Structures are given as structure tokens and as C-alpha cells.
Amino acid sequence: NTTIRKKLEYLTWFLRWAKDNGYAVNPAFKTFKPTLKQTQNKVIYLTKEELVKIRDLDLSAAPRLEPVRDIFLFCCLTSLRHSDADNLRKTDVKGEHIEVTTIKTGDSVSIKLNKNAQTILEKYKDVPFPGNRALPSFTNQAMNRSIKDLCQLAGIDEPIRITTYKGNVRKDEVHPKWELVGTHTGRRTFIVHALSMNISPSVVMKWTGHSDYKAMKPYIDIVDSAKDEAMAKFDNLL
């Protein structure tokens, strides 16, 4: 249903464009609104304990995963998408900041580096990479496969239930968490932990390049500690 809804949105946009540009279009599309059951996408992120497991994992038997771990943790610590971490150049590192023009949206963002992120960049500071990249480079597909291997080795196997709908038929599947982790999990992990630390959503949006509050809502909804603190403010209301 999620896929169908997305395709219908594209089709509706195209038909509006066609009508606005003088093409003959049946106006019935304006009122065509099928009921499609849909659940909110589950935000998959790593807890602090899971991040520590990955950081401390002995990779002597799988050295190919070491640079993958570094890139993934860097995304968890900076909010960068994998595409932007892959495109990061040594010249983009300005002391304790990185300056990035995001590939997906073209936004220009400046992100202050925390000590953990700085340590990762320092590790590769004198390593020559093609295009003067700041970090090793992997395709998104290769990163996704390797991140799953990394998380499986780290024992990140909490069972996660994913619910989807196909028409009116509900489908429930349970997966070990490592199967659901990918490159974008790094960005989600950063956002959840930033909000958990009571960093203002408006500040987080400046780091991530999100343009509206709506995009932050799924993350805010899952930060239980923030909910508890907000409700506690009512204790002195009366």
C-alpha cells in the first residue's frame, strides 16, 4: 500500500501538470482518493549500547569491515547521509567543523564535529583517497550489505516486528534487527539521540537539513524520555 500511495502521488502530480499546461485531462483524478490502510514507518535506530558494541567489536577476522564501521559511526555522529559522507573532501573539514552541500537536497550545512567524529577523520587524515576524499569510499549497496554483516557480528539481533498492508490484508513479519539496519540508520540514530539529549528540534534540523517540522515528528514520537519530561511539566500546573 505504501508503494501504491507513492505512485498515485506521482501520477496526480503529473496530471495536474498536464492540466495546467493545456492538455486534455479527465478531472476525475481530483476526487479519486482510495482508502489504503497504512502504518507509520518504523524508525530503525541504534541504541547507545548497540553503538558501543559496534565500536568495540573485534574485527581482526573481518578487516574489510573496519572502514565500513568507521563510515557508519561517522554518519551516526554527524547526521550525514552516506552519499554526503562519501562525497566529503578533506578540504570540507574546517578545523572543528565540516561544511557540506548535500547531494540529495543541495542544502549547505555546517556541522560542528564532536570528539568521536574528529577521531575518525584523524585516522584517515594522511591516507590518500581518490578525489581527495576524507573517508574510504563504498557504493551504497556495498555499504548496506556490509553494515548488516557488521551488526550481525555485533549481536544486534533484537526481534523487530514490521507490519504492512497489501490491500486490506495485514502482513506481520519479525526480523532480527541487523537485517533492518542500513546506511540511513546512521542518520536516524543521530536524530533520535540528539532529541533524547534535549537538543532543540530546530537545532537538529539545521544540522540535518530538514526543511520542516513534519519530517522530525516520527523521531520526536519515539523519544520516550522527552515525552516524560514534557508531561512532568504539568505537575505544577495546578
# chains A, B, ... in the order shown; residues from 1 in each chain; ligands from 1
>>> select_by_dssp(residues="segment 21-191 of chain A", states="strand (DSSP E or B)", output="JSON, numbers by chain")
{"A": [89, 93, 94, 97, 98, 99, 100, 101, 108, 109, 110, 111, 112, 133, 159, 160, 161, 162, 163, 164, 165, 166, 169, 170, 171, 172, 173, 174, 175, 176]}
>>> closest_atom_pairs(of="segment 97-155 of chain A", to="segment 198-208 of chain A", cutoff="12 Å", atoms="only C-alpha atoms", output="tab-separated table")
residue	atom	partner	partner_atom	distance
A:His97	CA	A:Trp207	CA	11.3
A:Ile98	CA	A:Trp207	CA	10.7
A:Glu99	CA	A:Trp207	CA	10.4
A:Val100	CA	A:Trp207	CA	10.1
A:Thr101	CA	A:Thr208	CA	11.2
A:Thr102	CA	A:Thr208	CA	9.5
A:Lys104	CA	A:Thr208	CA	11.6
A:Thr105	CA	A:Thr208	CA	10.8
A:Gly106	CA	A:Thr208	CA	12.0
A:Asp107	CA	A:Thr208	CA	9.4
A:Ser108	CA	A:Lys206	CA	9.6
A:Val109	CA	A:Trp207	CA	6.3
A:Ser110	CA	A:Trp207	CA	6.9
A:Ile111	CA	A:Trp207	CA	5.9
A:Lys112	CA	A:Trp207	CA	8.8
A:Leu113	CA	A:Trp207	CA	11.0
>>> write_last_selection(atoms="N, CA, C and O atoms", output="PDB file, in the first residue's frame")
ATOM      1  N   HIS A  97      34.807  21.912  12.353  1.00  0.00           N
ATOM      2  CA  HIS A  97      33.555  21.878  11.612  1.00  0.00           C
ATOM      3  C   HIS A  97      33.750  21.179  10.268  1.00  0.00           C
ATOM      4  O   HIS A  97      34.869  21.090   9.761  1.00  0.00           O
ATOM      5  N   ILE A  98      32.655  20.689   9.713  1.00  0.00           N
ATOM      6  CA  ILE A  98      32.652  20.284   8.312  1.00  0.00           C
ATOM      7  C   ILE A  98      31.568  21.095   7.603  1.00  0.00           C
ATOM      8  O   ILE A  98      30.525  21.394   8.182  1.00  0.00           O
ATOM      9  N   GLU A  99      31.857  21.479   6.372  1.00  0.00           N
ATOM     10  CA  GLU A  99      30.901  22.240   5.567  1.00  0.00           C
ATOM     11  C   GLU A  99      30.499  21.371   4.388  1.00  0.00           C
ATOM     12  O   GLU A  99      31.355  20.939   3.606  1.00  0.00           O
ATOM     13  N   VAL A 100      29.207  21.109   4.288  1.00  0.00           N
ATOM     14  CA  VAL A 100      28.703  20.141   3.316  1.00  0.00           C
ATOM     15  C   VAL A 100      27.551  20.741   2.525  1.00  0.00           C
ATOM     16  O   VAL A 100      26.667  21.383   3.092  1.00  0.00           O
ATOM     17  N   THR A 101      27.579  20.543   1.203  1.00  0.00           N
ATOM     18  CA  THR A 101      26.413  20.814   0.365  1.00  0.00           C
ATOM     19  C   THR A 101      25.818  19.459   0.024  1.00  0.00           C
ATOM     20  O   THR A 101      26.421  18.672  -0.701  1.00  0.00           O
ATOM     21  N   THR A 102      24.653  19.174   0.593  1.00  0.00           N
ATOM     22  CA  THR A 102      24.096  17.833   0.495  1.00  0.00           C
ATOM     23  C   THR A 102      23.745  17.467  -0.940  1.00  0.00           C
ATOM     24  O   THR A 102      23.285  18.304  -1.710  1.00  0.00           O
ATOM     25  N   LYS A 104      21.438  15.149  -1.909  1.00  0.00           N
ATOM     26  CA  LYS A 104      20.008  14.906  -2.122  1.00  0.00           C
ATOM     27  C   LYS A 104      19.221  16.192  -2.297  1.00  0.00           C
ATOM     28  O   LYS A 104      18.364  16.298  -3.183  1.00  0.00           O
ATOM     29  N   THR A 105      19.497  17.201  -1.449  1.00  0.00           N
ATOM     30  CA  THR A 105      18.670  18.409  -1.449  1.00  0.00           C
ATOM     31  C   THR A 105      19.406  19.673  -1.873  1.00  0.00           C
ATOM     32  O   THR A 105      18.771  20.692  -2.118  1.00  0.00           O
ATOM     33  N   GLY A 106      20.744  19.615  -1.917  1.00  0.00           N
ATOM     34  CA  GLY A 106      21.509  20.805  -2.280  1.00  0.00           C
ATOM     35  C   GLY A 106      21.637  21.811  -1.158  1.00  0.00           C
ATOM     36  O   GLY A 106      22.100  22.934  -1.378  1.00  0.00           O
ATOM     37  N   ASP A 107      21.236  21.432   0.061  1.00  0.00           N
ATOM     38  CA  ASP A 107      21.355  22.345   1.202  1.00  0.00           C
ATOM     39  C   ASP A 107      22.813  22.469   1.622  1.00  0.00           C
ATOM     40  O   ASP A 107      23.571  21.501   1.573  1.00  0.00           O
ATOM     41  N   SER A 108      23.180  23.664   2.061  1.00  0.00           N
ATOM     42  CA  SER A 108      24.518  23.885   2.615  1.00  0.00           C
ATOM     43  C   SER A 108      24.416  23.864   4.130  1.00  0.00           C
ATOM     44  O   SER A 108      23.668  24.652   4.716  1.00  0.00           O
ATOM     45  N   VAL A 109      25.136  22.944   4.758  1.00  0.00           N
ATOM     46  CA  VAL A 109      25.071  22.824   6.212  1.00  0.00           C
ATOM     47  C   VAL A 109      26.480  22.842   6.792  1.00  0.00           C
ATOM     48  O   VAL A 109      27.437  22.381   6.165  1.00  0.00           O
ATOM     49  N   SER A 110      26.580  23.413   7.975  1.00  0.00           N
ATOM     50  CA  SER A 110      27.839  23.418   8.716  1.00  0.00           C
ATOM     51  C   SER A 110      27.604  22.637  10.003  1.00  0.00           C
ATOM     52  O   SER A 110      26.679  22.942  10.758  1.00  0.00           O
ATOM     53  N   ILE A 111      28.426  21.620  10.232  1.00  0.00           N
ATOM     54  CA  ILE A 111      28.236  20.732  11.381  1.00  0.00           C
ATOM     55  C   ILE A 111      29.503  20.739  12.233  1.00  0.00           C
ATOM     56  O   ILE A 111      30.596  20.461  11.726  1.00  0.00           O
ATOM     57  N   LYS A 112      29.323  21.068  13.495  1.00  0.00           N
ATOM     58  CA  LYS A 112      30.464  21.020  14.413  1.00  0.00           C
ATOM     59  C   LYS A 112      30.779  19.565  14.728  1.00  0.00           C
ATOM     60  O   LYS A 112      29.886  18.769  15.001  1.00  0.00           O
ATOM     61  N   LEU A 113      32.040  19.218  14.670  1.00  0.00           N
ATOM     62  CA  LEU A 113      32.460  17.843  14.913  1.00  0.00           C
ATOM     63  C   LEU A 113      32.627  17.588  16.406  1.00  0.00           C
ATOM     64  O   LEU A 113      33.307  18.336  17.100  1.00  0.00           O
TER      65      LEU A 113
END
>>> residues_around(residues="segment 80-86 of chain A", least_positions_apart="3", cutoff="9 Å", atoms="only C-alpha atoms", output="JSON list (two decimals) with C-alpha atoms, in the first residue's frame")
[["chain", "number", "residue", "atom", "x", "y", "z"],
["A", 71, "ILE", "CA", 32.00, 5.45, 7.95],
["A", 72, "PHE", "CA", 28.81, 4.16, 9.57],
["A", 74, "PHE", "CA", 30.73, 8.82, 11.41],
["A", 75, "CYS", "CA", 27.20, 9.08, 9.97],
["A", 76, "CYS", "CA", 25.74, 8.21, 13.39],
["A", 77, "LEU", "CA", 27.83, 11.00, 14.94],
["A", 89, "ARG", "CA", 36.55, 16.02, 0.92],
["A", 100, "VAL", "CA", 28.70, 20.14, 3.32],
["A", 101, "THR", "CA", 26.41, 20.81, 0.36],
["A", 102, "THR", "CA", 24.10, 17.83, 0.50],
["A", 103, "ILE", "CA", 23.70, 15.73, -2.63],
["A", 104, "LYS", "CA", 20.01, 14.91, -2.12],
["A", 133, "ARG", "CA", 38.04, 12.20, -0.10],
["A", 134, "ALA", "CA", 38.16, 12.39, 3.68],
["A", 135, "LEU", "CA", 36.96, 8.80, 4.18],
["A", 136, "PRO", "CA", 37.11, 5.45, 2.35],
["A", 137, "SER", "CA", 34.56, 5.10, -0.44],
["A", 138, "PHE", "CA", 31.98, 2.35, -0.96],
["A", 139, "THR", "CA", 28.82, 2.16, -3.03],
["A", 140, "ASN", "CA", 25.57, 2.44, -1.13],
["A", 143, "MET", "CA", 27.73, -0.39, 2.47],
["A", 183, "THR", "CA", 23.17, 3.30, 5.62],
["A", 184, "HIS", "CA", 20.27, 5.60, 6.54],
["A", 186, "GLY", "CA", 23.18, 6.27, 10.85],
["A", 187, "ARG", "CA", 21.26, 9.48, 10.21],
["A", 190, "PHE", "CA", 21.90, 10.71, 15.21],
["A", 207, "TRP", "CA", 22.39, 20.01, 11.19],
["A", 208, "THR", "CA", 20.30, 17.57, 9.18]]
>>> residues_around(residues="Thr3 of chain A", least_positions_apart="5", cutoff="12 Å", atoms="only C-alpha atoms", output="CSV table (one decimal) with all heavy atoms, in the first residue's frame")
chain,number,residue,atom,x,y,z
A,8,LEU,N,0.6,6.8,-6.8
A,8,LEU,CA,-0.6,7.7,-7.1
A,8,LEU,C,-0.2,9.1,-6.9
A,8,LEU,O,-0.7,10.0,-7.6
A,8,LEU,CB,-1.7,7.3,-6.1
A,8,LEU,CG,-2.4,6.0,-6.5
A,8,LEU,CD1,-3.4,5.6,-5.4
A,8,LEU,CD2,-3.2,6.1,-7.8
A,9,GLU,N,0.6,9.4,-5.9
A,9,GLU,CA,1.0,10.8,-5.7
A,9,GLU,C,1.8,11.3,-6.9
A,9,GLU,O,1.6,12.5,-7.4
A,9,GLU,CB,1.9,10.9,-4.4
A,9,GLU,CG,1.1,10.8,-3.2
A,9,GLU,CD,2.0,10.8,-1.9
A,9,GLU,OE1,3.2,10.8,-2.1
A,9,GLU,OE2,1.4,10.7,-0.8
A,10,TYR,N,2.7,10.5,-7.5
A,10,TYR,CA,3.4,10.9,-8.7
A,10,TYR,C,2.5,11.1,-9.9
A,10,TYR,O,2.6,12.1,-10.6
A,10,TYR,CB,4.5,9.8,-9.1
A,10,TYR,CG,5.6,9.7,-8.1
A,10,TYR,CD1,6.2,8.4,-7.9
A,10,TYR,CD2,6.1,10.8,-7.4
A,10,TYR,CE1,7.3,8.3,-7.1
A,10,TYR,CE2,7.2,10.6,-6.5
A,10,TYR,CZ,7.8,9.4,-6.4
A,10,TYR,OH,8.8,9.3,-5.5
A,36,LEU,N,-6.4,3.4,1.5
A,36,LEU,CA,-5.3,2.5,1.6
A,36,LEU,C,-4.8,2.4,3.0
A,36,LEU,O,-4.2,3.4,3.6
A,36,LEU,CB,-4.2,2.9,0.7
A,36,LEU,CG,-4.5,2.9,-0.8
A,36,LEU,CD1,-3.4,3.6,-1.6
A,36,LEU,CD2,-4.7,1.5,-1.3
A,37,LYS,N,-5.0,1.3,3.7
A,37,LYS,CA,-4.5,1.1,5.0
A,37,LYS,C,-3.0,1.2,5.0
A,37,LYS,O,-2.4,0.6,4.1
A,37,LYS,CB,-5.0,-0.2,5.6
A,37,LYS,CG,-6.4,-0.3,6.0
A,37,LYS,CD,-6.7,-1.6,6.8
A,37,LYS,CE,-8.1,-1.6,7.3
A,37,LYS,NZ,-8.4,-2.9,8.1
A,38,GLN,N,-2.5,1.9,6.0
A,38,GLN,CA,-1.0,2.1,6.0
A,38,GLN,C,-0.6,2.3,7.5
A,38,GLN,O,-1.3,3.0,8.3
A,38,GLN,CB,-0.7,3.3,5.2
A,38,GLN,CG,0.8,3.4,4.9
A,38,GLN,CD,1.1,4.6,3.9
A,38,GLN,OE1,0.2,5.2,3.4
A,38,GLN,NE2,2.3,4.8,3.6
A,164,THR,N,2.8,-4.4,7.5
A,164,THR,CA,2.5,-3.7,6.2
A,164,THR,C,1.1,-4.2,5.8
A,164,THR,O,0.6,-5.2,6.3
A,164,THR,CB,3.5,-4.1,5.1
A,164,THR,OG1,3.6,-5.5,5.0
A,164,THR,CG2,4.9,-3.6,5.5
A,165,TYR,N,0.5,-3.5,4.9
A,165,TYR,CA,-0.8,-3.8,4.3
A,165,TYR,C,-0.7,-3.9,2.8
A,165,TYR,O,0.0,-3.1,2.1
A,165,TYR,CB,-1.8,-2.8,4.6
A,165,TYR,CG,-2.4,-2.9,6.0
A,165,TYR,CD1,-1.8,-2.2,7.1
A,165,TYR,CD2,-3.5,-3.7,6.3
A,165,TYR,CE1,-2.3,-2.3,8.4
A,165,TYR,CE2,-4.0,-3.8,7.6
A,165,TYR,CZ,-3.4,-3.1,8.6
A,165,TYR,OH,-3.9,-3.2,9.9
A,166,LYS,N,-1.3,-5.0,2.2
A,166,LYS,CA,-1.4,-5.2,0.8
A,166,LYS,C,-2.9,-5.2,0.6
A,166,LYS,O,-3.6,-6.3,0.8
A,166,LYS,CB,-0.7,-6.4,0.3
A,166,LYS,CG,-0.7,-6.6,-1.2
A,166,LYS,CD,0.1,-7.8,-1.6
A,166,LYS,CE,0.2,-8.0,-3.1
A,166,LYS,NZ,1.0,-9.1,-3.5
A,167,GLY,N,-3.5,-4.1,0.1
A,167,GLY,CA,-5.0,-4.0,0.1
A,167,GLY,C,-5.4,-3.9,1.5
A,167,GLY,O,-5.0,-3.1,2.3
>>> closest_residue(among="A:Arg188, A:Arg145, A:Lys177, A:Arg170", to="Asn1 of chain A", atoms="only C-alpha atoms")
A:Arg170
>>> select_by_dssp(residues="segment 57-205 of chain A", states="helix (DSSP H, G or I)", output="ChimeraX atom specification")
/A:65-78,82-86,90-92,115-123,130-132,140-153,177-180,183-196,201-205
>>> closest_residue(among="A:Thr91, A:Met197, A:Cys151, A:Gln141", to="Lys125 of chain A", atoms="only C-alpha atoms")
A:Thr91
>>> atom_distance(atom1="atom CA of His210 of chain A", atom2="atom CA of Gly182 of chain A")
19.8 Å
>>> residues_around(residues="Asn132 of chain A", least_positions_apart="3", cutoff="7 Å", atoms="only C-alpha atoms", output="VMD selection string")
chain A and resid 89 to 90 128 to 129
>>> closest_residue(among="A:Phe29, A:Val169, A:Pro176, A:Leu46", to="Phe14 of chain A", atoms="only C-alpha atoms")
A:Phe29
>>> residues_around(residues="Arg16 of chain A", least_positions_apart="6", cutoff="10 Å", atoms="only C-alpha atoms", output="PyMOL selection string")
chain A and resi 23+25+27+29-30
>>> write_last_selection(atoms="N, CA, C and O atoms", output="CSV table (one decimal), in the first residue's frame")
chain,number,residue,atom,x,y,z
A,23,TYR,N,-3.2,20.4,-21.6
A,23,TYR,CA,-3.6,19.1,-22.2
A,23,TYR,C,-4.9,18.6,-21.7
A,23,TYR,O,-5.4,19.0,-20.6
A,25,VAL,N,-7.4,16.5,-19.9
A,25,VAL,CA,-7.2,15.6,-18.8
A,25,VAL,C,-8.6,15.4,-18.1
A,25,VAL,O,-9.3,16.4,-17.9
A,27,PRO,N,-10.9,15.4,-15.3
A,27,PRO,CA,-10.7,15.9,-14.0
A,27,PRO,C,-11.1,15.0,-12.8
A,27,PRO,O,-11.0,15.3,-11.6
A,29,PHE,N,-9.6,12.7,-11.6
A,29,PHE,CA,-8.4,12.3,-10.7
A,29,PHE,C,-8.4,13.2,-9.5
A,29,PHE,O,-7.8,12.8,-8.4
A,30,LYS,N,-9.0,14.4,-9.5
A,30,LYS,CA,-9.0,15.3,-8.4
A,30,LYS,C,-9.8,14.7,-7.2
A,30,LYS,O,-9.4,15.0,-6.0
>>> atom_distance(atom1="atom CA of Lys214 of chain A", atom2="atom CA of Lys7 of chain A")
21.0 Å
>>> atom_distance(atom1="atom CA of Asp126 of chain A", atom2="atom CA of Val68 of chain A")
18.1 Å
